[in-house]
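File shown: my_file_28.csv. Contents: CSV, C-alpha atoms and all ligand atoms.
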chain,number,residue,atom,x,y,z
A,581,MET,CA,77.5,129.7,90.9
A,582,LYS,CA,80.8,128.9,89.3
A,583,SER,CA,81.5,125.2,89.2
A,584,GLN,CA,84.7,125.5,91.1
A,585,THR,CA,83.0,127.2,94.0
A,586,LEU,CA,80.2,124.6,93.9
A,587,GLY,CA,82.7,121.7,93.7
A,588,SER,CA,84.6,123.1,96.6
A,589,ALA,CA,81.5,123.6,98.7
A,590,LEU,CA,80.5,120.0,98.1
A,591,LEU,CA,84.0,118.8,98.9
A,592,ILE,CA,83.8,120.6,102.3
A,593,ALA,CA,80.2,119.4,103.0
A,594,GLY,CA,81.1,115.8,102.0
A,595,THR,CA,84.1,115.8,104.4
A,596,SER,CA,82.1,117.3,107.2
A,597,ILE,CA,79.0,115.2,107.1
A,598,GLY,CA,79.7,111.9,108.7
A,599,ALA,CA,79.9,110.8,112.3
A,600,GLY,CA,77.7,113.6,113.3
A,601,MET,CA,74.7,111.8,111.7
A,602,LEU,CA,75.0,109.1,114.4
A,603,ALA,CA,76.3,111.2,117.2
A,604,LEU,CA,74.0,114.2,117.0
A,605,PRO,CA,70.6,112.5,117.7
A,606,ILE,CA,71.8,111.0,120.9
A,607,ILE,CA,73.5,114.2,122.0
A,608,SER,CA,70.3,116.1,121.2
A,609,ALA,CA,68.3,113.6,123.2
A,610,LEU,CA,70.6,113.9,126.2
A,611,THR,CA,71.2,117.7,126.3
A,612,GLY,CA,67.7,118.7,125.1
A,613,LEU,CA,67.0,119.5,121.5
A,614,TRP,CA,67.1,123.3,121.7
A,615,ALA,CA,70.2,123.4,123.9
A,616,ALA,CA,71.8,121.1,121.3
A,617,MET,CA,70.8,123.4,118.5
A,618,THR,CA,72.3,126.4,120.2
A,619,LEU,CA,75.6,124.5,120.9
A,620,MET,CA,75.6,123.2,117.4
A,621,PHE,CA,75.3,126.8,116.1
A,622,LEU,CA,78.2,127.9,118.3
A,623,THR,CA,80.5,125.0,117.3
A,624,TRP,CA,79.6,125.5,113.6
A,625,LEU,CA,80.6,129.2,113.9
A,626,LEU,CA,83.9,128.2,115.4
A,627,ALA,CA,84.5,125.6,112.7
A,628,ALA,CA,83.6,128.0,109.9
A,629,TYR,CA,85.8,130.8,111.3
A,630,GLY,CA,88.7,128.4,111.7
A,631,GLY,CA,88.3,127.5,108.0
A,632,LEU,CA,88.5,131.2,107.0
A,633,LEU,CA,91.6,131.6,109.1
A,634,ILE,CA,93.3,128.6,107.5
A,635,ALA,CA,92.3,130.1,104.1
A,636,GLU,CA,93.8,133.4,105.0
A,637,ALA,CA,97.1,131.7,106.0
A,638,CYS,CA,97.2,129.6,102.8
A,639,ARG,CA,96.4,132.7,100.7
A,640,ALA,CA,99.4,134.5,102.2
A,641,CYS,CA,101.7,131.6,101.3
A,642,PRO,CA,100.8,130.6,97.7
A,643,GLU,CA,104.1,128.8,97.3
A,644,ALA,CA,103.3,126.2,100.0
A,645,GLU,CA,101.7,122.9,98.7
A,646,ASN,CA,99.7,121.9,101.8
A,647,LEU,CA,98.9,122.7,105.4
A,648,HIS,CA,102.3,121.3,106.5
A,649,GLY,CA,104.0,123.7,104.2
A,650,VAL,CA,102.0,126.7,105.3
A,651,VAL,CA,102.6,126.0,108.9
A,652,GLY,CA,106.4,125.5,108.2
A,653,LEU,CA,106.6,128.8,106.4
A,654,LEU,CA,104.8,130.8,109.1
A,655,LEU,CA,105.6,129.0,112.3
A,656,GLY,CA,108.8,127.2,111.6
A,657,ARG,CA,109.9,123.7,112.6
A,658,ASN,CA,108.4,123.8,116.1
A,659,GLY,CA,105.0,124.7,114.7
A,660,GLN,CA,105.3,122.0,112.1
A,661,ALA,CA,106.1,119.4,114.8
A,662,VAL,CA,103.0,120.3,116.7
A,663,ALA,CA,101.0,120.1,113.5
A,664,VAL,CA,102.3,116.7,112.7
A,665,VAL,CA,101.4,115.3,116.1
A,666,ALA,CA,97.9,116.9,116.0
A,667,MET,CA,97.3,115.7,112.5
A,668,LEU,CA,98.2,112.1,113.2
A,669,PHE,CA,96.2,112.1,116.4
A,670,LEU,CA,93.2,113.6,114.6
A,671,TYR,CA,93.3,111.1,111.8
A,672,TYR,CA,93.9,108.1,114.1
A,673,ALA,CA,91.1,109.1,116.5
A,674,LEU,CA,88.6,109.6,113.6
A,675,CYS,CA,89.5,106.3,112.0
A,676,ALA,CA,89.1,104.5,115.3
A,677,ALA,CA,85.6,106.2,115.7
A,678,TYR,CA,84.6,105.3,112.1
A,679,ILE,CA,85.7,101.6,112.5
A,680,ALA,CA,83.9,101.2,115.9
A,681,GLY,CA,80.7,102.9,114.5
A,682,GLY,CA,80.9,101.1,111.2
A,683,ALA,CA,81.3,97.7,112.8
A,684,SER,CA,78.2,98.4,115.0
A,685,GLN,CA,76.2,99.3,111.9
A,686,LEU,CA,77.4,96.2,110.0
A,687,ASN,CA,76.4,94.0,113.0
A,688,SER,CA,72.9,95.6,112.9
A,689,ILE,CA,72.5,95.0,109.2
A,690,LEU,CA,73.7,91.4,109.5
A,691,MET,CA,71.4,90.8,112.4
A,692,MET,CA,68.4,91.8,110.2
A,693,ALA,CA,69.5,89.1,107.8
A,694,GLY,CA,69.5,86.7,110.7
A,695,LEU,CA,73.3,86.5,111.0
A,696,LYS,CA,75.0,87.1,114.3
A,697,VAL,CA,78.8,87.7,114.0
A,698,PRO,CA,81.2,88.6,116.8
A,699,TYR,CA,82.0,92.3,117.0
A,700,TRP,CA,85.7,91.9,116.4
A,701,LEU,CA,85.0,90.1,113.1
A,702,SER,CA,82.9,93.1,111.9
A,703,VAL,CA,85.7,95.4,112.9
A,704,VAL,CA,88.2,93.4,110.8
A,705,VAL,CA,85.7,93.3,107.8
A,706,VAL,CA,85.1,97.0,107.9
A,707,THR,CA,88.8,97.8,108.2
A,708,CYS,CA,89.7,95.4,105.3
A,709,LEU,CA,87.0,96.8,103.0
A,710,VAL,CA,88.2,100.4,103.5
A,711,GLY,CA,91.8,99.3,103.3
A,712,PHE,CA,91.2,97.6,100.0
A,713,VAL,CA,89.5,100.6,98.4
A,714,VAL,CA,92.2,103.0,99.6
A,715,LEU,CA,94.9,100.6,98.4
A,716,VAL,CA,93.4,100.4,94.9
A,717,GLY,CA,93.6,104.2,94.8
A,718,THR,CA,92.1,107.6,94.7
A,719,ALA,CA,89.9,106.9,91.6
A,720,LEU,CA,88.0,104.0,93.3
A,721,VAL,CA,87.7,106.1,96.5
A,722,ASP,CA,86.2,108.9,94.4
A,723,ILE,CA,83.6,106.6,92.7
A,724,CYS,CA,82.6,104.9,96.0
A,725,ASN,CA,82.3,108.3,97.7
A,726,ARG,CA,80.1,109.7,95.0
A,727,VAL,CA,77.8,106.7,94.9
A,728,MET,CA,77.4,106.5,98.6
A,729,PHE,CA,77.1,110.3,99.1
A,730,VAL,CA,74.2,110.5,96.7
A,731,SER,CA,72.5,107.3,98.0
A,732,MET,CA,72.9,108.7,101.5
A,733,LEU,CA,71.1,112.0,100.6
A,734,LEU,CA,68.3,110.1,98.8
A,735,LEU,CA,67.9,107.7,101.8
A,736,MET,CA,67.8,110.7,104.1
A,737,LEU,CA,65.0,112.2,102.1
A,738,VAL,CA,62.9,109.0,102.3
A,739,ILE,CA,63.6,108.6,106.0
A,740,LEU,CA,62.7,112.2,106.8
A,741,VAL,CA,59.4,112.0,104.9
A,742,SER,CA,58.6,108.7,106.6
A,743,LEU,CA,59.5,110.0,110.1
A,744,PHE,CA,57.5,113.2,109.6
A,745,PRO,CA,54.0,111.9,110.4
A,746,HIS,CA,55.4,110.3,113.6
A,747,GLY,CA,56.8,113.5,114.9
A,748,GLN,CA,55.1,115.1,117.9
A,749,LEU,CA,55.6,118.6,119.1
A,750,GLU,CA,55.7,117.6,122.8
A,751,ASN,CA,58.7,115.2,122.0
A,752,LEU,CA,60.7,118.2,120.9
A,753,ALA,CA,60.2,120.1,124.1
A,754,ILE,CA,62.8,118.0,126.1
A,755,LYS,CA,64.2,120.2,129.0
A,756,SER,CA,67.8,121.2,128.5
A,757,GLY,CA,70.3,119.0,130.4
A,758,PRO,CA,72.5,120.2,133.3
A,759,ALA,CA,75.5,122.4,132.5
A,760,PRO,CA,78.1,119.6,132.8
A,761,MET,CA,76.2,117.6,130.1
A,762,LEU,CA,76.1,120.6,127.8
A,763,LEU,CA,79.9,121.2,128.3
A,764,ALA,CA,80.6,117.5,127.6
A,765,ALA,CA,78.7,117.8,124.3
A,766,LEU,CA,81.0,120.5,122.9
A,767,PRO,CA,83.9,118.4,121.7
A,768,VAL,CA,81.7,115.8,119.8
A,769,LEU,CA,79.7,118.6,118.2
A,770,TYR,CA,82.8,120.4,117.1
A,771,THR,CA,84.3,117.3,115.5
A,772,SER,CA,81.0,116.8,113.6
A,773,PHE,CA,81.6,120.1,111.9
A,774,GLY,CA,85.3,119.4,111.1
A,775,TYR,CA,86.4,119.5,107.5
A,776,HIS,CA,89.6,121.7,107.8
A,777,VAL,CA,92.0,119.2,106.2
A,778,VAL,CA,90.6,120.1,102.8
A,779,VAL,CA,90.9,123.9,103.1
A,780,PRO,CA,94.3,124.1,101.4
A,781,THR,CA,93.1,122.0,98.5
A,782,VAL,CA,90.0,124.3,98.1
A,783,VAL,CA,92.1,127.5,98.2
A,784,ARG,CA,94.4,126.1,95.5
A,785,TYR,CA,91.4,124.9,93.4
A,786,VAL,CA,89.8,128.3,93.3
A,787,GLU,CA,93.3,129.9,92.6
A,788,GLY,CA,93.2,131.8,95.9
A,789,CYS,CA,90.2,133.9,94.9
A,790,PRO,CA,88.8,135.2,98.2
A,791,ALA,CA,85.2,135.7,97.0
A,792,LYS,CA,85.1,132.0,95.8
A,793,PHE,CA,86.8,130.3,98.8
A,794,SER,CA,84.8,132.3,101.4
A,795,LYS,CA,81.6,131.5,99.6
A,796,ALA,CA,82.6,127.8,99.3
A,797,LEU,CA,83.6,127.6,102.9
A,798,LEU,CA,80.3,129.2,104.1
A,799,ILE,CA,78.0,127.1,101.9
A,800,GLY,CA,80.1,123.9,102.5
A,801,SER,CA,79.9,124.3,106.2
A,802,VAL,CA,76.3,125.5,106.5
A,803,LEU,CA,75.0,122.5,104.5
A,804,PRO,CA,76.0,120.0,107.2
A,805,PHE,CA,74.5,122.3,109.9
A,806,ILE,CA,71.2,122.2,108.1
A,807,LEU,CA,71.2,118.4,107.5
A,808,TYR,CA,72.4,117.7,111.1
A,809,ALA,CA,69.6,119.9,112.5
A,810,LEU,CA,66.9,118.4,110.3
A,811,TRP,CA,68.1,114.9,111.2
A,812,SER,CA,68.2,115.6,114.9
A,813,VAL,CA,64.8,117.2,115.0
A,814,SER,CA,63.1,114.4,113.0
A,815,THR,CA,64.7,111.5,115.0
A,816,VAL,CA,64.2,113.1,118.4
A,817,GLY,CA,60.7,114.3,117.4
A,818,ALA,CA,59.6,110.8,116.6
A,819,LEU,CA,60.5,109.3,120.0
A,820,SER,CA,58.8,109.9,123.4
A,821,HIS,CA,60.8,111.2,126.4
A,822,THR,CA,60.5,107.8,128.2
A,823,THR,CA,61.9,105.9,125.1
A,824,ILE,CA,64.8,108.3,124.9
A,825,LEU,CA,65.7,107.9,128.5
A,826,GLU,CA,65.6,104.1,128.1
A,827,VAL,CA,67.8,104.2,125.0
A,828,ALA,CA,70.3,106.6,126.6
A,829,SER,CA,70.8,104.2,129.5
A,830,GLN,CA,71.9,101.4,127.1
A,831,PRO,CA,75.6,100.6,126.9
A,832,ASP,CA,75.7,101.2,123.1
A,833,SER,CA,73.3,104.1,123.1
A,834,VAL,CA,74.3,105.5,119.7
A,835,ASN,CA,73.3,102.3,118.0
A,836,SER,CA,70.3,101.7,120.2
A,837,LEU,CA,68.9,105.0,119.2
A,838,MET,CA,69.3,104.2,115.5
A,839,THR,CA,67.6,100.8,116.1
A,840,THR,CA,64.7,102.4,118.0
A,841,VAL,CA,64.2,105.0,115.3
A,842,GLY,CA,64.2,102.1,112.8
A,843,GLN,CA,61.2,100.7,114.6
A,844,VAL,CA,59.1,103.9,114.4
A,845,SER,CA,57.8,103.5,110.9
A,846,SER,CA,56.1,100.5,109.4
A,847,VAL,CA,57.4,101.4,105.9
A,848,GLY,CA,58.9,98.2,104.5
A,849,TYR,CA,62.6,97.8,105.3
A,850,PHE,CA,62.7,101.0,107.3
A,851,SER,CA,65.2,99.7,109.9
A,852,LEU,CA,67.4,98.5,107.1
A,853,MET,CA,67.2,101.9,105.4
A,854,ILE,CA,68.3,103.6,108.7
A,855,SER,CA,71.3,101.3,109.1
A,856,VAL,CA,72.4,101.6,105.5
A,857,PHE,CA,72.0,105.4,105.7
A,858,ALA,CA,74.2,105.5,108.9
A,859,ALA,CA,76.8,103.1,107.3
A,860,PHE,CA,77.0,105.3,104.2
A,861,ALA,CA,77.4,108.5,106.2
A,862,LEU,CA,80.3,107.0,108.1
A,863,ALA,CA,81.8,105.3,105.1
A,864,THR,CA,82.0,108.5,103.0
A,865,SER,CA,83.9,110.3,105.8
A,866,PHE,CA,86.0,107.2,106.6
A,867,LEU,CA,87.2,106.8,103.0
A,868,GLY,CA,88.1,110.5,102.8
A,869,VAL,CA,89.9,110.5,106.1
A,870,ALA,CA,91.7,107.1,105.5
A,871,LEU,CA,92.9,108.4,102.1
A,872,GLY,CA,94.1,111.6,103.8
A,873,LEU,CA,96.0,109.7,106.5
A,874,PHE,CA,97.4,107.3,103.9
A,875,ASP,CA,98.8,110.1,101.7
A,876,TYR,CA,100.1,111.9,104.8
A,877,LEU,CA,101.9,108.8,106.0
A,878,SER,CA,103.3,108.1,102.6
A,879,GLU,CA,104.7,111.7,102.6
A,880,LEU,CA,106.1,111.4,106.1
A,881,SER,CA,107.6,108.0,105.7
A,882,HIS,CA,108.8,108.5,102.1
A,883,ASN,CA,107.2,105.1,101.3
A,884,SER,CA,107.2,105.0,97.5
A,885,ARG,CA,103.7,105.5,96.4
A,886,SER,CA,104.1,103.6,93.2
A,887,GLY,CA,105.6,100.4,94.7
A,888,PHE,CA,102.9,98.0,95.8
A,889,ALA,CA,104.9,96.8,98.9
A,890,GLY,CA,105.4,100.4,100.0
A,891,ARG,CA,101.6,101.1,99.6
A,892,GLU,CA,100.8,97.9,101.6
A,893,ARG,CA,103.1,98.9,104.4
A,894,THR,CA,101.5,102.4,104.5
A,895,ILE,CA,97.9,101.0,104.6
A,896,LEU,CA,98.9,98.8,107.5
A,897,LEU,CA,100.3,101.8,109.3
A,898,THR,CA,97.1,103.7,108.4
A,899,LEU,CA,94.6,101.2,109.7
A,900,LEU,CA,96.2,98.8,112.2
A,901,ILE,CA,96.3,101.1,115.2
A,902,PRO,CA,92.7,102.4,114.8
A,903,MET,CA,91.5,98.8,114.3
A,904,LEU,CA,93.1,97.7,117.5
A,905,VAL,CA,91.6,100.7,119.3
A,906,ALA,CA,88.2,99.9,118.0
A,907,ILE,CA,88.5,96.2,119.1
A,908,TYR,CA,89.5,97.2,122.6
A,909,TYR,CA,87.0,100.0,123.0
A,910,PRO,CA,83.8,98.7,121.3
A,911,ASP,CA,81.8,101.6,122.8
A,912,GLY,CA,84.5,104.1,122.0
A,913,PHE,CA,82.7,105.9,119.2
A,914,ILE,CA,81.7,109.1,121.1
A,915,LEU,CA,84.9,109.1,123.2
A,916,ALA,CA,87.1,108.9,120.1
A,917,LEU,CA,85.2,111.8,118.4
A,918,GLY,CA,85.8,113.8,121.6
A,919,TYR,CA,89.5,113.2,121.5
A,920,ALA,CA,89.6,114.1,117.8
A,921,ALA,CA,88.2,117.5,118.8
A,922,VAL,CA,91.3,118.3,120.9
A,923,ALA,CA,93.6,117.7,117.9
A,924,LEU,CA,91.2,119.6,115.6
A,925,ILE,CA,91.2,122.6,117.9
A,926,VAL,CA,95.0,122.7,117.7
A,927,LEU,CA,94.9,122.4,113.9
A,928,ALA,CA,91.9,124.5,113.1
A,929,VAL,CA,92.0,127.2,115.9
A,930,PHE,CA,95.2,127.5,117.8
A,931,LEU,CA,97.7,127.1,115.0
A,932,PRO,CA,95.6,129.2,112.5
A,933,VAL,CA,95.2,132.0,115.0
A,934,LEU,CA,99.0,132.1,115.5
A,935,MET,CA,99.6,131.9,111.7
A,936,VAL,CA,97.1,134.7,110.9
A,937,TRP,CA,98.6,136.8,113.7
A,938,LYS,CA,102.0,136.6,112.0
A,939,VAL,CA,100.6,137.1,108.5
A,940,ARG,CA,98.8,140.3,109.7
A,941,ARG,CA,101.8,141.6,111.6
A,942,LEU,CA,103.9,141.2,108.4
A,943,HIS,CA,101.1,142.6,106.2
A,944,MET,CA,101.1,139.5,104.0
A,945,GLU,CA,97.3,139.2,104.1
A,946,GLU,CA,96.3,141.6,101.3
A,947,PRO,CA,93.8,141.3,99.7
A,948,TYR,CA,92.1,138.9,102.0
A,949,GLN,CA,91.6,139.0,105.7
A,950,ALA,CA,89.1,136.9,107.7
A,951,PRO,CA,86.5,139.0,109.5
A,952,GLY,CA,86.5,139.8,113.2
A,953,GLY,CA,89.9,141.4,113.7
A,954,ILE,CA,91.7,140.8,117.0
A,955,VAL,CA,88.4,140.3,118.9
A,956,GLY,CA,87.5,137.4,116.6
A,957,LEU,CA,90.9,135.8,117.2
A,958,ALA,CA,90.6,136.2,120.9
A,959,ILE,CA,87.0,134.8,121.1
A,960,ALA,CA,88.0,131.8,118.9
A,961,THR,CA,91.0,131.0,121.1
A,962,ILE,CA,89.0,131.2,124.3
A,963,THR,CA,86.1,129.0,122.8
A,964,GLY,CA,88.7,126.5,121.6
A,965,ALA,CA,90.2,126.4,125.1
A,966,VAL,CA,86.8,125.7,126.5
A,967,VAL,CA,86.3,122.8,124.1
A,968,VAL,CA,89.7,121.3,125.0
A,969,ALA,CA,89.0,121.7,128.7
A,970,ALA,CA,85.6,120.0,128.3
A,971,GLN,CA,87.3,116.9,126.8
A,972,VAL,CA,89.9,116.9,129.5
A,973,GLY,CA,86.9,117.0,132.0
A,974,VAL,CA,85.3,114.0,130.2
A,975,SER,CA,88.5,111.9,130.3
A,976,LEU,CA,89.0,112.7,134.0
A,977,SER,CA,85.4,111.7,134.6
A,978,ILE,CA,84.6,115.2,136.0
A,979,LEU,CA,82.1,115.6,133.1
A,980,PRO,CA,79.8,112.8,131.9
A,981,LEU,CA,80.6,110.8,128.8
A,982,LEU,CA,77.6,111.1,126.5
A,983,GLY,CA,76.6,108.1,124.5
B,1,LIG,N1,83.2,116.1,110.5
B,1,LIG,C1,83.7,114.7,110.3
B,1,LIG,C2,84.9,114.5,111.0
B,1,LIG,C3,86.1,115.3,110.5
B,1,LIG,C4,86.8,116.2,111.3
B,1,LIG,C5,87.9,116.9,110.8
B,1,LIG,C6,88.3,116.7,109.5
B,1,LIG,C7,87.7,115.7,108.7
B,1,LIG,C8,86.6,115.0,109.2
B,1,LIG,C9,82.6,113.7,110.7
B,1,LIG,O1,81.6,114.1,111.3
B,1,LIG,O2,82.7,112.6,110.5
Take the structure in the file and write it out as structure tokens.
Amino acid sequence: MKSQTLGSALLIAGTSIGAGMLALPIISALTGLWAAMTLMFLTWLLAAYGGLLIAEACRACPEAENLHGVVGLLLGRNGQAVAVVAMLFLYYALCAAYIAGGASQLNSILMMAGLKVPYWLSVVVVTCLVGFVVLVGTALVDICNRVMFVSMLLLMLVILVSLFPHGQLENLAIKSGPAPMLLAALPVLYTSFGYHVVVPTVVRYVEGCPAKFSKALLIGSVLPFILYALWSVSTVGALSHTTILEVASQPDSVNSLMTTVGQVSSVGYFSLMISVFAAFALATSFLGVALGLFDYLSELSHNSRSGFAGRERTILLTLLIPMLVAIYYPDGFILALGYAAVALIVLAVFLPVLMVWKVRRLHMEEPYQAPGGIVGLAIATITGAVVVAAQVGVSLSILPLLG
């Protein structure tokens, strides 16, 4: 495979793999493993299709530099205004989720070392660490990301091998949960497969070559699907149904599940390995998303990127709000991921469908058109609307909050 295609696929996979590693095991435990797999497949399909639509729109407007520019050219200022609000909401919701999840993992790691620190302090430490790396610049983010991504994969391999002998077939046969629970899982699953902010970069990187970007998008989004599926099967398979019900009733069920999985194997430092693995999975996504938000805010606010004072102001704008949200909603990890899905559906389904609609009407799409024709566009819009409705249901407490 050409190195550009491989690099692009890894960029997509790296952006996508993240919060899902913590969220998916508890979702699978609550909805039933096989139901979760089916829903994962459907949400993955929607995420992959959305990526192809964005690529088609970018391909038709080679003069635009980023998604903001493409939306501006195709949907005008109103479309751009919607995209700005959705983008900020997405970035802030994700950062809030990563800070809350990261602080819980830090607390678990410190607890193993016999140190008990208040939750708010872990939140501040996690925020400052990421703030520092982003402030220093893209090169440091890149190094940290590479080191943590490779370590995460290696740790995952060791963890999977260690969990395997503890897996029991009867643990995998959990009955699928009631329909409201399955619906409530959709937004979190969809966010776990999100990567779309990097599509314009990928299209530009492969110089708009359709064969390369569609291959990169497919491989890059299928990799997280495989890893998430393997991870969910091995964690759920190692725990009995009674244990899972007990864990699910805890206030911080996401973290409790990780702690319980950590006690399954007697391999030395297994619990520590699980916590470090979870922390790295979150951190790689957090760094990417924080850098994305930082650059986006610099562009919007015209804060000079070279001046240190400007960069300091932008980093405060980037991390202060999500930090406060994480302090006030310590168990807000799953909820924040659900809200992120609403913004992501706007950015990666509704707006792309409108853009592609216009591109095709004006015959700007040659030589690339995403598959599925008008039926594909209609199914994607309806599925997107169901995901948004599910999150509205969760926030109005009509549907259960998972996790
Ligand atoms: N998929 C990412 C979240 C994300 C969504 C959209 C864009 C970028 C990142 C995660 O699980 O952490």
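Neighbours of Leu737 in chain A closer than or equal to 12 Å, with all atoms listed in the file counted and sequence neighbours fewer than 2 positions away skipped, come out as Val730, Ser731, Met732, Leu733, Leu734, Leu735, Ile739, Leu740, Val741, Ser742, Leu743, Phe744, Leu807, Leu810, Trp811, Ser814, Met853, Ile854 and Phe857 of chain A.
For the pair CA of Gly956 in chain A and CA of Trp937 in chain A, the separation is 11.5 Å.
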Among the residues A:Met601, A:Met620, A:Ala644, A:Leu900, the one that comes closest to ligand LIG 1 (chain B) [using only C-alpha atoms and all ligand atoms]: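 Result for the nearest residue to ligand LIG 1 (chain B): A:Met601.
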Protein and nucleic residues near ligand LIG 1 (chain B), 8 Å, all atoms listed in the file, as a VMD selection string: chain A and resid 595 to 601 670 to 671 674 678 770 to 778 861 to 862 865 to 866 868 to 869 917 920 to 921 924
How would the residues just picked look written out with C-alpha atoms as a PDB file, keeping the file's coordinate frame?
ATOM      1  CA  THR A 595      84.100 115.800 104.400  1.00  0.00           C
ATOM      2  CA  SER A 596      82.100 117.300 107.200  1.00  0.00           C
ATOM      3  CA  ILE A 597      79.000 115.200 107.100  1.00  0.00           C
ATOM      4  CA  GLY A 598      79.700 111.900 108.700  1.00  0.00           C
ATOM      5  CA  ALA A 599      79.900 110.800 112.300  1.00  0.00           C
ATOM      6  CA  GLY A 600      77.700 113.600 113.300  1.00  0.00           C
ATOM      7  CA  MET A 601      74.700 111.800 111.700  1.00  0.00           C
ATOM      8  CA  LEU A 670      93.200 113.600 114.600  1.00  0.00           C
ATOM      9  CA  TYR A 671      93.300 111.100 111.800  1.00  0.00           C
ATOM     10  CA  LEU A 674      88.600 109.600 113.600  1.00  0.00           C
ATOM     11  CA  TYR A 678      84.600 105.300 112.100  1.00  0.00           C
ATOM     12  CA  TYR A 770      82.800 120.400 117.100  1.00  0.00           C
ATOM     13  CA  THR A 771      84.300 117.300 115.500  1.00  0.00           C
ATOM     14  CA  SER A 772      81.000 116.800 113.600  1.00  0.00           C
ATOM     15  CA  PHE A 773      81.600 120.100 111.900  1.00  0.00           C
ATOM     16  CA  GLY A 774      85.300 119.400 111.100  1.00  0.00           C
ATOM     17  CA  TYR A 775      86.400 119.500 107.500  1.00  0.00           C
ATOM     18  CA  HIS A 776      89.600 121.700 107.800  1.00  0.00           C
ATOM     19  CA  VAL A 777      92.000 119.200 106.200  1.00  0.00           C
ATOM     20  CA  VAL A 778      90.600 120.100 102.800  1.00  0.00           C
ATOM     21  CA  ALA A 861      77.400 108.500 106.200  1.00  0.00           C
ATOM     22  CA  LEU A 862      80.300 107.000 108.100  1.00  0.00           C
ATOM     23  CA  SER A 865      83.900 110.300 105.800  1.00  0.00           C
ATOM     24  CA  PHE A 866      86.000 107.200 106.600  1.00  0.00           C
ATOM     25  CA  GLY A 868      88.100 110.500 102.800  1.00  0.00           C
ATOM     26  CA  VAL A 869      89.900 110.500 106.100  1.00  0.00           C
ATOM     27  CA  LEU A 917      85.200 111.800 118.400  1.00  0.00           C
ATOM     28  CA  ALA A 920      89.600 114.100 117.800  1.00  0.00           C
ATOM     29  CA  ALA A 921      88.200 117.500 118.800  1.00  0.00           C
ATOM     30  CA  LEU A 924      91.200 119.600 115.600  1.00  0.00           C
TER      31      LEU A 924
END
Of the listed residues A:Val955, A:Leu591, A:Val782, A:Ala615, that which approaches Ser794 in chain A most closely, counting all atoms listed in the file: A:Val782
d(CA of Met935 in chain A, CA of Val651 in chain A) in Å: 7.2 Å
Residue with smallest distance to Phe793 in chain A - pool A:Leu880, A:Val856, A:Ser977, A:Ile634, counting all atoms listed in the file: A:Ile634
Contact residues around Ala609 in chain A with all atoms listed in the file at 7 Å, ignoring same-chain residues under 4 positions, as a PyMOL selection string: chain A and resi 605+613+816+824
Interatomic distance, CA of Leu927 in chain A to CA of Ala593 in chain A (Å, one decimal):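 Interatomic distance here is 18.5 Å.
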A:Met944, A:Ala663, A:Leu769, A:Leu654 ranked by distance to Val929 in chain A, top pick (using only C-alpha atoms): A:Ala663
Polymer residues at most 10 Å from Leu904 in chain A, all atoms listed in the file, same-chain spacing of 6 or more positions, as a ChimeraX atom specification: /A:676,679-680,700,703-704
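Closest approach to Ala765 in chain A from the set A:Ser846, A:Ser688, A:Gln971, A:Ser878 is made by A:Gln971, with distances taken over all atoms listed in the file.
In terms of minimum interatomic distance to Ala637 in chain A, A:Pro780 ranks closest within A:Pro780, A:Gly694, A:Gly800, A:Gly983, counting all atoms listed in the file.
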Complete range 647-656 of chain A with N, CA and C atoms (output as a CSV table (one decimal), keeping the file's coordinate frame).
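Writing the result to part_38.csv gives the following:
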chain,number,residue,atom,x,y,z
A,647,LEU,N,98.9,122.1,104.1
A,647,LEU,CA,98.9,122.7,105.4
A,647,LEU,C,100.3,122.6,106.1
A,648,HIS,N,100.9,121.5,105.9
A,648,HIS,CA,102.3,121.3,106.5
A,648,HIS,C,103.2,122.4,106.0
A,649,GLY,N,103.2,122.7,104.7
A,649,GLY,CA,104.0,123.7,104.2
A,649,GLY,C,103.7,125.1,104.7
A,650,VAL,N,102.4,125.4,104.8
A,650,VAL,CA,102.0,126.7,105.3
A,650,VAL,C,102.5,126.9,106.7
A,651,VAL,N,102.2,125.9,107.5
A,651,VAL,CA,102.6,126.0,108.9
A,651,VAL,C,104.2,126.1,109.0
A,652,GLY,N,104.9,125.4,108.2
A,652,GLY,CA,106.4,125.5,108.2
A,652,GLY,C,106.8,126.9,107.8
A,653,LEU,N,106.2,127.5,106.8
A,653,LEU,CA,106.6,128.8,106.4
A,653,LEU,C,106.3,129.9,107.5
A,654,LEU,N,105.2,129.7,108.1
A,654,LEU,CA,104.8,130.8,109.1
A,654,LEU,C,105.2,130.5,110.5
A,655,LEU,N,105.3,129.3,110.9
A,655,LEU,CA,105.6,129.0,112.3
A,655,LEU,C,106.9,128.2,112.5
A,656,GLY,N,107.6,127.9,111.5
A,656,GLY,CA,108.8,127.2,111.6
A,656,GLY,C,108.7,125.7,112.0
